[in-house]
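**Q** This is the content of my_file22.cif (mmCIF, C-alpha atoms):
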data_input
#
loop_
_atom_site.label_atom_id
_atom_site.label_comp_id
_atom_site.auth_asym_id
_atom_site.auth_seq_id
_atom_site.Cartn_x
_atom_site.Cartn_y
_atom_site.Cartn_z
CA MET A 1 91.70 99.67 81.95
CA LYS A 2 95.47 99.13 82.16
CA TYR A 3 95.99 102.79 83.02
CA ILE A 4 94.00 102.48 86.25
CA TYR A 5 96.65 100.11 87.64
CA LYS A 6 99.39 102.60 86.87
CA LEU A 7 97.31 105.34 88.45
CA PHE A 8 96.88 103.36 91.65
CA LEU A 9 100.63 102.64 91.75
CA VAL A 10 101.43 106.33 91.35
CA LEU A 11 98.94 107.30 94.04
CA TYR A 12 100.60 104.92 96.50
CA LEU A 13 104.11 106.10 95.70
CA ILE A 14 103.30 109.80 96.17
CA VAL A 15 101.89 109.39 99.68
CA GLY A 16 104.63 111.75 100.88
CA ILE A 17 103.07 114.79 99.21
CA VAL A 18 99.87 114.52 101.26
CA PRO A 19 99.61 117.75 103.33
CA ASN A 20 99.20 117.60 107.09
CA PHE A 21 95.87 119.49 107.15
CA GLU A 22 96.92 121.12 110.45
CA ALA A 23 97.70 117.75 112.07
CA ILE A 24 100.60 117.89 114.52
CA ASP A 25 102.43 115.15 112.63
CA LYS A 26 102.22 114.61 108.87
CA VAL A 27 102.28 110.87 109.42
CA VAL A 28 98.65 110.99 110.63
CA THR A 29 97.25 112.26 107.33
CA GLN A 30 99.57 109.97 105.35
CA TRP A 31 98.25 106.87 107.14
CA PHE A 32 94.69 108.12 106.62
CA TYR A 33 95.47 108.61 102.91
CA LEU A 34 96.80 105.04 102.60
CA ASN A 35 93.71 103.61 104.29
CA LEU A 36 91.45 105.67 102.03
CA LEU A 37 93.40 104.59 98.95
CA ASN A 38 93.22 100.95 100.04
CA THR A 39 89.45 101.24 100.41
CA ILE A 40 89.00 102.73 96.93
CA ALA A 41 91.32 100.16 95.33
CA LEU A 42 89.62 97.22 97.04
CA LEU A 43 86.20 98.50 95.96
CA PHE A 44 87.51 98.62 92.40
CA ILE A 45 88.83 95.06 92.71
CA PHE A 46 85.59 93.71 94.17
CA VAL A 47 83.37 95.51 91.63
CA ASN A 48 85.43 93.93 88.86
CA GLN A 49 85.24 90.55 90.62
CA VAL A 50 88.99 90.08 90.58
CA PRO A 51 90.09 86.72 92.05
CA LEU A 52 92.66 87.34 94.76
CA LYS A 53 93.19 83.75 95.87
CA LYS A 54 96.62 83.37 94.27
CA ILE A 55 97.79 86.69 95.70
CA LEU A 56 96.53 85.89 99.20
CA LEU A 57 98.18 82.46 99.18
CA ASN A 58 101.66 83.46 98.02
CA LYS A 59 104.48 83.29 100.53
CA SER A 60 104.87 87.03 101.08
CA SER A 61 101.14 87.61 101.61
CA ILE A 62 100.98 84.78 104.14
CA LEU A 63 103.92 86.30 106.00
CA PHE A 64 102.34 89.77 105.97
CA ILE A 65 99.01 88.42 107.20
CA SER A 66 100.81 86.33 109.86
CA LEU A 67 102.62 89.43 111.09
CA PHE A 68 99.30 91.24 111.37
CA VAL A 69 97.65 88.33 113.22
CA TRP A 70 100.58 87.98 115.63
CA SER A 71 100.61 91.74 116.22
CA SER A 72 96.90 91.53 117.04
CA LEU A 73 97.67 88.97 119.76
CA THR A 74 99.99 91.44 121.47
CA LEU A 75 96.91 93.54 122.27
CA PHE A 76 96.44 91.30 125.31
CA VAL A 77 99.64 92.61 126.91
CA SER A 78 99.37 96.23 125.73
CA ILE A 79 99.71 99.01 128.26
CA ASN A 80 97.43 101.18 126.14
CA GLN A 81 95.13 99.18 123.87
CA SER A 82 93.80 102.29 122.13
CA GLU A 83 97.31 103.12 120.96
CA SER A 84 97.75 99.50 119.88
CA LEU A 85 94.61 99.68 117.75
CA VAL A 86 95.96 102.79 116.02
CA ALA A 87 99.28 101.04 115.29
CA LEU A 88 97.42 97.91 114.20
CA SER A 89 95.38 99.94 111.71
CA GLN A 90 98.64 101.27 110.25
CA LEU A 91 100.04 97.77 109.87
CA PHE A 92 96.73 96.69 108.30
CA ALA A 93 97.14 99.53 105.78
CA LEU A 94 100.54 98.11 104.78
CA VAL A 95 99.16 94.57 104.46
CA LEU A 96 96.23 95.68 102.30
CA GLY A 97 98.53 97.98 100.33
CA PHE A 98 100.83 95.05 99.58
CA ILE A 99 97.90 92.94 98.31
CA VAL A 100 96.52 95.76 96.15
CA LEU A 101 99.94 96.68 94.77
CA THR A 102 100.74 93.05 93.96
CA TYR A 103 97.57 92.88 91.88
CA CYS A 104 98.20 96.23 90.19
CA ILE A 105 101.83 95.46 89.34
CA SER A 106 100.84 92.08 87.89
CA ASN A 107 98.82 94.02 85.30
CA ILE A 108 101.57 96.49 84.32
CA GLN A 109 104.05 95.73 81.56
CA ASN A 110 107.64 96.65 82.37
CA ALA A 111 106.52 97.41 85.91
CA PHE A 112 110.03 98.03 87.23
CA GLY A 113 110.73 100.61 84.54
CA PHE A 114 107.48 102.38 85.40
CA ILE A 115 108.21 102.29 89.16
CA SER A 116 111.69 103.71 88.56
CA SER A 117 110.35 106.47 86.31
CA VAL A 118 107.75 107.51 88.89
CA LEU A 119 110.32 107.54 91.70
CA SER A 120 112.79 109.50 89.56
CA VAL A 121 110.21 112.19 88.74
CA TYR A 122 109.08 112.18 92.36
CA LEU A 123 112.70 112.74 93.43
CA LEU A 124 112.86 115.89 91.31
CA PHE A 125 109.66 117.23 92.87
CA GLU A 126 110.93 116.31 96.34
CA LEU A 127 114.21 118.13 95.76
CA GLY A 128 112.18 121.08 94.49
CA ALA A 129 110.19 121.12 97.74
CA ILE A 130 113.43 121.07 99.76
CA TYR A 131 115.07 123.89 97.82
CA ILE A 132 112.05 126.09 97.13
CA PRO A 133 112.66 128.26 100.24
CA PHE A 134 115.77 129.61 98.49
CA LEU A 135 113.55 130.79 95.63
CA ILE A 136 110.44 132.12 97.33
CA ARG A 137 111.68 133.47 100.66
CA GLU A 138 113.43 136.79 100.22
CA ASP A 139 114.10 137.00 103.95
CA LEU A 140 115.59 133.49 104.20
CA ASP A 141 118.39 133.43 106.77
CA LEU A 142 121.31 131.45 105.33
CA ASN A 143 122.43 130.68 108.88
CA LEU A 144 119.60 128.12 108.92
CA ILE A 145 121.58 125.93 106.54
CA PHE A 146 123.56 124.13 109.25
CA THR A 147 120.84 124.06 111.89
CA ARG A 148 118.86 121.10 110.50
CA SER A 149 115.98 123.54 110.15
CA ALA A 150 112.40 122.47 109.38
CA VAL A 151 112.52 124.97 106.50
CA PHE A 152 114.33 122.38 104.37
CA LEU A 153 112.27 119.29 105.19
CA GLY A 154 110.47 119.11 101.85
CA PHE A 155 107.66 116.55 102.03
CA ALA A 156 108.84 114.87 105.24
CA ALA A 157 108.54 115.93 108.87
CA ASN A 158 111.98 114.96 110.14
CA VAL A 159 115.52 115.68 108.91
CA ASN A 160 116.54 112.00 108.95
CA ILE A 161 113.44 110.99 107.00
CA THR A 162 114.05 113.75 104.44
CA ALA A 163 117.70 112.77 103.98
CA PHE A 164 116.92 109.11 103.42
CA SER A 165 113.76 109.74 101.41
CA VAL A 166 115.78 111.39 98.63
CA LEU A 167 118.60 108.86 98.99
CA TYR A 168 116.24 105.90 98.53
CA LYS A 169 115.32 107.15 95.07
CA VAL A 170 118.88 107.45 93.73
CA PRO A 171 119.15 103.78 92.57
CA PHE A 172 115.93 104.21 90.60
CA LEU A 173 117.14 107.48 89.10
CA VAL A 174 120.30 105.68 87.94
CA TYR A 175 118.21 102.90 86.43
CA SER A 176 115.91 105.36 84.65
CA LEU A 177 118.83 107.34 83.24
CA LEU A 178 120.39 104.16 81.89
CA GLN A 179 117.16 103.45 79.98
CA LEU A 180 117.46 106.71 78.02
CA LYS A 181 118.73 105.08 74.85
CA LYS A 182 118.35 108.26 72.79
CA PHE A 183 120.80 110.13 75.01
CA LYS A 184 124.55 109.71 74.75
CA ASN A 185 126.61 109.05 77.88
CA ILE A 186 127.81 112.64 78.07
CA SER A 187 124.20 113.86 78.00
CA ILE A 188 123.27 111.49 80.81
CA VAL A 189 126.18 112.81 82.88
CA PHE A 190 124.93 116.39 82.43
CA LEU A 191 121.48 115.27 83.51
CA ALA A 192 122.64 113.25 86.51
CA THR A 193 125.42 115.34 88.05
CA PRO A 194 123.24 118.30 89.15
CA VAL A 195 120.70 115.93 90.69
CA PHE A 196 123.41 114.05 92.58
CA LEU A 197 124.80 117.33 93.90
CA LEU A 198 121.35 118.43 95.05
CA VAL A 199 120.81 115.09 96.82
CA PHE A 200 124.17 115.30 98.62
CA PHE A 201 123.64 118.91 99.61
CA ALA A 202 120.13 118.20 100.89
CA SER A 203 121.17 115.16 102.93
CA GLY A 204 124.63 116.22 104.05
CA THR A 205 124.32 119.98 104.49
CA LEU A 206 120.72 121.21 104.70
CA ASN A 207 119.59 118.27 106.84
CA SER A 208 123.10 117.26 107.99
CA THR A 209 122.29 113.60 108.62
CA ARG A 210 125.36 111.51 109.47
CA ALA A 211 123.78 108.17 108.59
CA ALA A 212 122.82 109.47 105.14
CA ILE A 213 126.30 110.98 104.63
CA LEU A 214 127.94 107.66 105.45
CA THR A 215 125.49 105.78 103.25
CA TYR A 216 125.88 107.86 100.10
CA THR A 217 129.67 107.97 100.62
CA ILE A 218 129.91 104.18 100.89
CA LEU A 219 127.76 103.85 97.77
CA ALA A 220 130.35 105.64 95.61
CA PRO A 221 133.01 102.87 95.58
CA ILE A 222 130.27 100.22 95.32
CA LEU A 223 128.82 101.86 92.20
CA VAL A 224 132.25 102.34 90.61
CA PHE A 225 133.19 98.72 91.37
CA VAL A 226 129.96 97.33 89.93
CA GLY A 227 130.18 99.65 86.93
CA THR A 228 133.73 98.43 86.27
CA ILE A 229 132.66 94.77 86.51
CA ILE A 230 129.80 95.38 84.08
CA TYR A 231 132.17 97.08 81.65
CA VAL A 232 134.72 94.25 81.82
CA LYS A 233 132.04 91.61 81.29
CA SER A 234 129.96 93.30 78.60
CA LYS A 235 131.87 96.38 77.37
CA GLN A 236 128.85 98.46 78.39
CA ASN A 237 130.23 101.63 79.96
CA SER A 238 127.06 103.57 80.77
CA LEU A 239 126.85 102.46 84.41
CA LEU A 240 130.58 103.07 84.94
CA ILE A 241 130.33 106.59 83.50
CA LEU A 242 127.27 107.33 85.65
CA SER A 243 129.09 105.93 88.70
CA VAL A 244 132.04 108.22 88.04
CA SER A 245 129.59 111.14 87.73
CA TYR A 246 128.11 110.14 91.11
CA THR A 247 131.60 109.96 92.69
CA VAL A 248 132.76 113.30 91.24
CA SER A 249 129.53 114.93 92.50
CA LEU A 250 130.22 113.45 95.92
CA LEU A 251 133.79 114.75 95.96
CA LEU A 252 132.59 118.21 94.95
CA SER A 253 130.00 118.24 97.73
CA PHE A 254 132.60 118.05 100.51
CA PRO A 255 134.57 121.25 99.71
CA LEU A 256 131.26 123.03 99.03
CA ASN A 257 130.09 121.98 102.48
CA SER A 258 133.33 123.16 104.09
CA PHE A 259 133.29 126.47 102.20
CA LEU A 260 129.74 127.24 103.32
CA SER A 261 130.33 126.21 106.92
CA ASP A 262 133.45 128.40 107.12
CA SER A 263 131.70 131.32 105.41
CA LEU A 264 128.80 131.16 107.85
CA GLY A 265 131.08 130.69 110.86
CA LYS A 266 129.82 127.18 111.54
CA SER A 267 132.86 125.05 110.86
CA GLU A 268 131.94 122.82 113.80
CA SER A 269 128.86 121.73 111.81
CA ASN A 270 130.59 120.70 108.60
CA ILE A 271 130.56 117.11 107.38
CA SER A 272 134.01 116.24 108.75
CA ASN A 273 133.13 117.37 112.25
CA ARG A 274 129.71 115.73 112.12
CA ILE A 275 131.26 112.41 111.18
CA SER A 276 134.07 112.75 113.75
CA THR A 277 131.50 112.60 116.56
CA LEU A 278 130.92 108.96 115.66
CA THR A 279 134.34 108.09 117.08
CA ALA A 280 134.10 110.26 120.18
CA LEU A 281 131.65 108.27 122.27
CA VAL A 282 134.11 106.69 124.66
CA ASP A 283 137.41 108.45 125.02
CA GLN A 284 136.68 112.11 124.25
CA GLU A 285 134.20 113.39 126.78
CA GLU A 286 134.17 116.91 125.43
CA LYS A 287 133.24 115.71 121.92
CA LYS A 288 130.56 113.26 122.87
CA ASP A 289 127.46 113.64 120.76
CA GLY A 290 124.19 113.81 122.68
CA SER A 291 122.00 112.20 120.02
CA LEU A 292 124.37 109.26 119.57
CA THR A 293 124.62 108.69 123.31
CA GLN A 294 120.83 108.88 123.47
CA ARG A 295 120.43 106.28 120.74
CA ILE A 296 122.82 103.90 122.44
CA ASN A 297 120.71 104.24 125.57
CA PHE A 298 117.58 103.48 123.53
CA TYR A 299 119.19 100.39 121.98
CA SER A 300 120.34 99.12 125.37
CA GLN A 301 116.93 99.67 126.98
CA ALA A 302 115.09 97.95 124.12
CA THR A 303 117.51 95.00 124.13
CA ASN A 304 117.13 94.49 127.89
CA PHE A 305 113.35 94.64 127.57
CA ILE A 306 113.35 92.09 124.73
CA PHE A 307 115.37 89.62 126.83
CA LYS A 308 112.81 89.95 129.62
CA ASN A 309 109.76 89.84 127.31
CA PRO A 310 110.76 87.77 124.27
CA ILE A 311 107.34 86.42 123.27
CA LEU A 312 104.75 89.22 123.10
CA GLY A 313 106.83 92.27 123.95
CA THR A 314 105.05 95.34 125.24
CA GLY A 315 102.28 95.27 122.64
CA ILE A 316 102.11 96.82 119.19
CA GLY A 317 102.44 100.62 119.28
CA ASN A 318 103.30 100.67 122.97
CA TRP A 319 107.07 101.12 123.02
CA LYS A 320 106.62 104.90 123.00
CA ILE A 321 104.79 104.45 126.32
CA LYS A 322 107.00 101.78 127.86
CA SER A 323 110.17 103.68 126.95
CA ILE A 324 109.15 106.53 129.25
CA ASP A 325 109.69 104.10 132.11
CA THR A 326 112.89 102.53 130.74
CA ASN A 327 114.41 105.94 129.95
CA LYS A 328 113.04 107.92 132.91
CA LYS A 329 116.49 108.59 134.37
CA ASN A 330 117.57 110.35 131.18
CA ILE A 331 114.43 112.35 130.38
CA LEU A 332 114.93 116.11 130.32
CA GLY A 333 111.89 118.34 130.73
CA TYR A 334 109.03 117.16 128.51
CA GLN A 335 111.24 115.40 125.96
CA VAL A 336 110.40 111.69 125.98
CA PRO A 337 111.46 108.79 123.72
CA TYR A 338 109.17 108.00 120.79
CA HIS A 339 111.08 105.44 118.73
CA VAL A 340 114.05 103.17 119.43
CA HIS A 341 115.68 104.51 116.24
CA ASN A 342 116.16 100.90 115.19
CA ASP A 343 113.18 99.25 113.52
CA PHE A 344 114.32 95.72 114.27
CA LEU A 345 114.70 96.37 117.99
CA GLU A 346 111.42 98.29 118.14
CA ILE A 347 109.49 95.55 116.36
CA ALA A 348 110.97 92.94 118.71
CA ALA A 349 110.21 95.12 121.75
CA GLU A 350 106.58 95.59 120.68
CA LYS A 351 105.78 92.28 118.97
CA GLY A 352 108.32 89.89 120.48
CA LEU A 353 110.91 87.78 118.68
CA ILE A 354 108.23 85.98 116.67
CA GLY A 355 107.03 89.32 115.29
CA LEU A 356 110.61 90.25 114.45
CA GLY A 357 111.15 86.86 112.82
CA LEU A 358 108.10 87.33 110.60
CA TYR A 359 109.28 90.80 109.54
CA LEU A 360 112.78 89.52 108.77
CA ALA A 361 111.28 86.66 106.78
CA ILE A 362 109.28 89.16 104.71
CA LEU A 363 112.49 91.07 103.93
CA PHE A 364 114.54 87.91 103.31
CA PHE A 365 112.15 86.30 100.84
CA GLY A 366 111.34 89.65 99.28
CA PHE A 367 114.94 90.56 98.44
CA LYS A 368 116.60 87.14 98.22
CA ASN A 369 116.05 86.67 94.50
CA ALA A 370 117.31 90.13 93.50
CA ILE A 371 120.38 90.06 95.76
CA VAL A 372 121.39 86.53 94.69
CA LYS A 373 121.12 87.53 91.03
CA PHE A 374 123.02 90.76 91.70
CA LEU A 375 125.86 88.80 93.32
CA LYS A 376 125.82 86.21 90.52
CA ASN A 377 126.00 88.88 87.83
CA THR A 378 128.76 90.72 89.67
CA PHE A 379 131.03 88.04 91.11
CA THR A 380 130.77 85.08 88.73
CA LYS A 381 131.90 84.59 85.17
CA SER A 382 128.37 84.02 83.95
CA LYS A 383 126.96 86.33 81.30
CA LEU A 384 124.88 89.27 82.42
CA ASP A 385 121.18 88.49 82.36
CA LYS A 386 118.82 90.96 80.73
CA ASN A 387 117.57 92.33 84.07
CA TYR A 388 120.92 92.86 85.74
CA LEU A 389 120.31 96.62 86.14
CA GLN A 390 117.14 95.81 88.09
CA TRP A 391 119.07 93.55 90.46
CA ILE A 392 121.66 96.27 91.01
CA SER A 393 119.02 98.91 91.77
CA ILE A 394 117.03 96.69 94.12
CA SER A 395 120.15 95.47 95.94
CA ILE A 396 121.40 99.02 96.46
CA TYR A 397 117.96 100.00 97.75
CA ALA A 398 118.10 97.04 100.18
CA PHE A 399 121.52 98.23 101.37
CA ILE A 400 120.19 101.74 102.04
CA PHE A 401 117.09 100.35 103.74
CA LEU A 402 119.19 98.14 106.02
CA ILE A 403 121.24 101.11 107.23
CA ASP A 404 118.16 103.29 107.67
CA SER A 405 116.31 100.56 109.58
CA ASN A 406 119.19 100.15 112.00
CA LEU A 407 119.51 103.87 112.71
CA ASN A 408 116.05 105.34 112.20
CA PHE A 409 112.42 104.21 111.92
CA PRO A 410 111.37 103.86 108.25
CA PHE A 411 108.79 101.15 109.09
CA TYR A 412 106.65 103.79 110.79
CA ARG A 413 106.81 106.45 108.08
CA PRO A 414 104.59 106.00 104.98
CA ILE A 415 106.74 108.32 102.85
CA VAL A 416 109.61 105.81 102.90
CA ILE A 417 108.05 102.44 103.79
CA ILE A 418 105.74 102.55 100.76
CA ILE A 419 108.74 102.07 98.45
CA LEU A 420 109.56 98.86 100.32
CA ILE A 421 105.97 97.63 99.96
CA VAL A 422 106.01 98.38 96.21
CA LEU A 423 109.32 96.54 95.69
CA LEU A 424 108.16 93.55 97.73
CA ALA A 425 104.99 93.43 95.62
CA TYR A 426 107.06 93.65 92.43
CA GLN A 427 109.37 90.85 93.53
CA THR A 428 106.36 88.72 94.46
CA VAL A 429 104.86 89.19 91.00
CA LEU A 430 108.20 88.39 89.37
CA MET A 431 108.64 85.17 91.35
CA GLN A 432 105.05 84.12 90.64
CA THR A 433 105.54 84.79 86.93
CA ASN A 434 108.74 82.72 86.89
CA LEU A 435 107.01 79.91 88.76
CA ASN A 436 104.11 79.90 86.30
CA ALA A 437 106.57 79.84 83.39
CA LYS A 438 108.35 76.78 84.83
CA GLN A 439 105.07 74.98 85.49
CA GLY A 440 103.84 75.82 81.99
#
Using the file provided, produce a representation of the structure as structure tokens.
**A**
Amino acid sequence: MKYIYKLFLVLYLIVGIVPNFEAIDKVVTQWFYLNLLNTIALLFIFVNQVPLKKILLNKSSILFISLFVWSSLTLFVSINQSESLVALSQLFALVLGFIVLTYCISNIQNAFGFISSVLSVYLLFELGAIYIPFLIREDLDLNLIFTRSAVFLGFAANVNITAFSVLYKVPFLVYSLLQLKKFKNISIVFLATPVFLLVFFASGTLNSTRAAILTYTILAPILVFVGTIIYVKSKQNSLLILSVSYTVSLLLSFPLNSFLSDSLGKSESNISNRISTLTALVDQEEKKDGSLTQRINFYSQATNFIFKNPILGTGIGNWKIKSIDTNKKNILGYQVPYHVHNDFLEIAAEKGLIGLGLYLAILFFGFKNAIVKFLKNTFTKSKLDKNYLQWISISIYAFIFLIDSNLNFPFYRPIVIIILIVLLAYQTVLMQTNLNAKQG
């Protein structure tokens, strides 16, 4: 019976591999898959007469359900209620998924190790999907490398989603590698370095995503710093060695990127030039980046709308409709806004400040325990607790998620948001277990 819980967990985590079945957007079939999976899992739970009272009454479940109820109330102000019902069904899938996953994880021993192993293997398959065109397409035009081509999207349907999807799994790969007790450090380095290089090349060159480039670059000194602290406190050097491997891979990726861009005559698209556009928004008119200017417009429009409609917003799922009006002066041809490219602003614009507050509360209580323990293990003189590698991995994930949420729209993409739901469920189980232990 215990294997069925692991199977369900795996099936949730691999939502990204669901094909589009000729749908215009992969996200449609992925949401359908999650709803179908929820239905099967709940039938299993009900047939086995599993009591869910404790799960439904924990703090995170109450917050999730409250977010769903509040989002339902915004139907009354929706411009398009049909679109709101579609978005509401997607939110309902996340709420049910959280409840199911909380139950499944509570029945899995060493759940975090299993989650990390699944995500690490999934990362290898995802990288394979990104790079397979180089192997199977004899007529592949190498000039596509710096064009953010759909050829290299892998399982996702957007270059930003692809870049962050692989990046999200890096902390769990690091954790899994550090659990390989039979391998010596040098062996782990040989295993990790090629994967790191493939991740950096996929995010920084094939999909050329500035936010991902900045994120994985900032992670290098953080990993080295934490690895050094762990070594000083415990004389365990595995994390430090792996962090150095990560940093060396990062440093190698930059000249490789420059060499390829120069060889293909696309030096303007290399990492240095891509990043330089971030500083050219105000005083260098000729270097202004269209997508960045566009995003600033989206942020401004959403913020102004929130100030005017702070309670119920425009209704769940309706920002894509309302933004046509707010951005009408900037629309070119048939290209219209779809997301704010900032989850927090979009949630506030659609569900009001109360909806945003509920979502932030879910994130705060979900990650509070791990981040506090990460900081305690890193910045105090206390001995390392036995789960310190978990706290590091979860905290790094939270850091990546925060950046992605402020620049993209992970909340609306099952391929990436499902990892958040799994981690929130895991943290809920952990806190409940600790609470039961104290009461016992």
**Q** Please write the residues picked by the PyMOL selection byres ((chain A and resi 342) around 8) on this file as a PyMOL selection string.
**A** chain A and resi 299+339-341+343-346+405-409
**Q** Given the file above and the PyMOL selection byres ((chain A and resi 397) around 12), which residues are selected, and can you give them as an MDAnalysis selection string?
**A** chainID A and resid 116 164:175 215:216 219 367 370:371 390:396 398:405 416:417 419:420 423:424
**Q** Next, the residues of the selection above should be written as a PDB file, keeping the file's coordinate frame with C-alpha atoms.
**A**
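Below is the file that was written, result06.pdb:
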ATOM      1  CA  SER A 116     111.690 103.710  88.560  1.00  0.00           C
ATOM      2  CA  PHE A 164     116.920 109.110 103.420  1.00  0.00           C
ATOM      3  CA  SER A 165     113.760 109.740 101.410  1.00  0.00           C
ATOM      4  CA  VAL A 166     115.780 111.390  98.630  1.00  0.00           C
ATOM      5  CA  LEU A 167     118.600 108.860  98.990  1.00  0.00           C
ATOM      6  CA  TYR A 168     116.240 105.900  98.530  1.00  0.00           C
ATOM      7  CA  LYS A 169     115.320 107.150  95.070  1.00  0.00           C
ATOM      8  CA  VAL A 170     118.880 107.450  93.730  1.00  0.00           C
ATOM      9  CA  PRO A 171     119.150 103.780  92.570  1.00  0.00           C
ATOM     10  CA  PHE A 172     115.930 104.210  90.600  1.00  0.00           C
ATOM     11  CA  LEU A 173     117.140 107.480  89.100  1.00  0.00           C
ATOM     12  CA  VAL A 174     120.300 105.680  87.940  1.00  0.00           C
ATOM     13  CA  TYR A 175     118.210 102.900  86.430  1.00  0.00           C
ATOM     14  CA  THR A 215     125.490 105.780 103.250  1.00  0.00           C
ATOM     15  CA  TYR A 216     125.880 107.860 100.100  1.00  0.00           C
ATOM     16  CA  LEU A 219     127.760 103.850  97.770  1.00  0.00           C
ATOM     17  CA  PHE A 367     114.940  90.560  98.440  1.00  0.00           C
ATOM     18  CA  ALA A 370     117.310  90.130  93.500  1.00  0.00           C
ATOM     19  CA  ILE A 371     120.380  90.060  95.760  1.00  0.00           C
ATOM     20  CA  GLN A 390     117.140  95.810  88.090  1.00  0.00           C
ATOM     21  CA  TRP A 391     119.070  93.550  90.460  1.00  0.00           C
ATOM     22  CA  ILE A 392     121.660  96.270  91.010  1.00  0.00           C
ATOM     23  CA  SER A 393     119.020  98.910  91.770  1.00  0.00           C
ATOM     24  CA  ILE A 394     117.030  96.690  94.120  1.00  0.00           C
ATOM     25  CA  SER A 395     120.150  95.470  95.940  1.00  0.00           C
ATOM     26  CA  ILE A 396     121.400  99.020  96.460  1.00  0.00           C
ATOM     27  CA  ALA A 398     118.100  97.040 100.180  1.00  0.00           C
ATOM     28  CA  PHE A 399     121.520  98.230 101.370  1.00  0.00           C
ATOM     29  CA  ILE A 400     120.190 101.740 102.040  1.00  0.00           C
ATOM     30  CA  PHE A 401     117.090 100.350 103.740  1.00  0.00           C
ATOM     31  CA  LEU A 402     119.190  98.140 106.020  1.00  0.00           C
ATOM     32  CA  ILE A 403     121.240 101.110 107.230  1.00  0.00           C
ATOM     33  CA  ASP A 404     118.160 103.290 107.670  1.00  0.00           C
ATOM     34  CA  SER A 405     116.310 100.560 109.580  1.00  0.00           C
ATOM     35  CA  VAL A 416     109.610 105.810 102.900  1.00  0.00           C
ATOM     36  CA  ILE A 417     108.050 102.440 103.790  1.00  0.00           C
ATOM     37  CA  ILE A 419     108.740 102.070  98.450  1.00  0.00           C
ATOM     38  CA  LEU A 420     109.560  98.860 100.320  1.00  0.00           C
ATOM     39  CA  LEU A 423     109.320  96.540  95.690  1.00  0.00           C
ATOM     40  CA  LEU A 424     108.160  93.550  97.730  1.00  0.00           C
TER      41      LEU A 424
END
**Q** I'd like the interatomic distance between atom CA of A:Pro310 and atom CA of A:Leu353, to a tenth of an Å.
**A**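 Computed distance, atom CA of A:Pro310 to atom CA of A:Leu353, equals 5.6 Å.
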**Q** Tell me which residues the PyMOL selection byres ((chain A and resi 15) around 8) grabs here, as a PyMOL selection string.
**A** chain A and resi 11-14+16-18+30+33-34+414-415+418
**Q** Within 8 Å of (136.5, 109.9, 94.6) in the file's own coordinates, which protein, DNA or RNA residues have an atom, counting only C-alpha atoms? List them as a count of residues only.
**A** 6
**Q** Please provide as a list in words all residues within 6 Å of stretch 122-138 of chain A, with the sequence filter that same-chain residues fewer than 6 positions apart are discarded (counting only C-alpha atoms).
**A**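 With the cut-off at 6 Å, the set is Phe152, Leu153 and Gly154 of chain A.
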**Q** Which polymer residues have any atom within 7 Å of an atom of A:Phe68, counting all atoms listed in the file, with same-chain residues fewer than 3 positions away left out, as a list in words?
**A**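 After dropping sequence-adjacent residues, the list is Phe64, Ile65, Ser71, Ser72, Leu91 and Phe92 of chain A.
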**Q** Could you list as a list in words every residue that has an atom within 8 Å of (95.7, 94.8, 96.7), using the file's coordinates and counting only C-alpha atoms?
**A** Asn38, Ala41, Leu42, Ile45, Leu96, Gly97, Phe98, Ile99, Val100, Leu101, Thr102, Tyr103 and Cys104 of chain A
**Q** Which one of A:Leu9, A:Phe201, A:Ile62, A:Asn80 sits closest to A:Leu37 if you count all atoms listed in the file?
**A** A:Leu9
**Q** In Å, rounded to a single decimal, give me how far atom CA of A:Val195 is from atom CA of A:Tyr412.
**A**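 If I compute the distance from atom CA of A:Tyr412 to atom CA of A:Val195, I get 27.4 Å.
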**Q** Here is a test: counting all atoms listed in the file, which residue of A:Phe114, A:Phe46, A:Trp31, A:Trp319 is nearest to A:Lys351?
**A**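 Of A:Phe114, A:Phe46, A:Trp31, A:Trp319, the one nearest A:Lys351 is A:Trp319, counting all atoms listed in the file.
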